[in-house]
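Chemist: Before we start, here is the structure in question, set down as structure tokens.
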Amino acid sequence: MESGRDAMDNFQAKLKPNEAVRLRDVEAEDLPIFFRHQDCPTANEMAGVAARSWPNFQQHWRENVLNQEGVLVKTILEGSAVAGNVVSFEGNGKRLIGYWLGEEFWGRNIASQAVFQFLPLVKERPVFAYVAKHNLASLRILKKSGFQILDESVIPGTEGTSPIEEYLLILTASS
């Protein structure tokens, strides 16, 4: 089995540089774009989560993401377009990573580039990620980045969602 470090090295060697993809700090003007991204039924189904209303979305970002100790969040840009966001936070005693791209940016290697650029900013190891089993694209991105499947579980459905089978992935090596 390939170690997380070896997978990351192989990923780096194969990754076609895309200088148009970069990360920057989140700006207030990004939030309405992030909201539209998370309000996409296809994306919600893929991620296994329900969309938030605009007031709930704003509250979530204000109280749980922006300017919170232990949270690192960046806006993903493709050129000058806001493509999505990538975040690391503490949850259930684990350092977690997550990301969300607008559907119009899928399939263009943007998430892979963003995760590759973001992981060195996350100093703590190990890093964990949850991914719905049916979200093969995200699973592939995480595996290319050196994550390995650690566990699997079923998360009960909540309002607006069905139960979701998911993987818990782990990245142990520095990248």
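Chains: A, B, ... in order of the structure tokens. Residues: from 1 per chain. Ligands: from 1, in order shown.
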Identify all residues of chain A in strand (DSSP E) (DSSP on the backbone) and supply them as an NGL selection string.

Modeler: :A and (21-25 or 72-78 or 81-91 or 94-101 or 127-132 or 148-155 or 164-171)

Chemist: Residues at most 12 Å from Gln58 (chain A), counting only C-alpha atoms, excluding those fewer than 6 positions away in the same chain, as a PyMOL selection string?

Modeler: chain A and resi 28+30-35+52+64-66

Chemist: Output as CSV one row per residue of region 25-104 of chain A within 8 Å of region 155-171 of chain A: the closest atom pair and its distance in Å to one decimal place, counting only C-alpha atoms, sorted by chain and residue number ascending.

Modeler:
residue,atom,partner,partner_atom,distance
A:Gly48,CA,A:Ile164,CA,6.3
A:Val49,CA,A:Thr161,CA,6.4
A:Ala50,CA,A:Gly160,CA,5.9

Chemist: Given the selection you just returned, output its residues as a file containing N, CA and C atoms, formatted as a short mmCIF file (atom, residue, chain, number, x, y, z; two decimals), in the first residue's frame.

Modeler:
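The file below, out08.cif, is the result:
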data_model
loop_
_atom_site.label_atom_id
_atom_site.label_comp_id
_atom_site.auth_asym_id
_atom_site.auth_seq_id
_atom_site.Cartn_x
_atom_site.Cartn_y
_atom_site.Cartn_z
N GLY A 48 -24.24 14.82 -0.04
CA GLY A 48 -25.09 14.21 0.98
C GLY A 48 -25.48 15.17 2.08
N VAL A 49 -25.64 16.44 1.73
CA VAL A 49 -26.04 17.45 2.70
C VAL A 49 -27.19 18.27 2.13
N ALA A 50 -27.94 18.88 3.04
CA ALA A 50 -29.03 19.76 2.62
C ALA A 50 -28.51 21.19 2.52
#

Chemist: Find, counting only C-alpha atoms, the residue in A:Lys144, A:Arg24, A:His37, A:Ala137 that gets nearest to Gly79 (chain A).

Modeler: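 When distances to Gly79 (chain A) are compared using only C-alpha atoms, the smallest one comes from A:Arg24.
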
Chemist: Name the closest residue to Val87 (chain A) among the candidates A:Ile110, A:Val21, A:Cys40, A:Val26; distances are taken between atoms, counting only C-alpha atoms.

Modeler: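 Of the candidates, the smallest distance to Val87 (chain A) is held by A:Val26.
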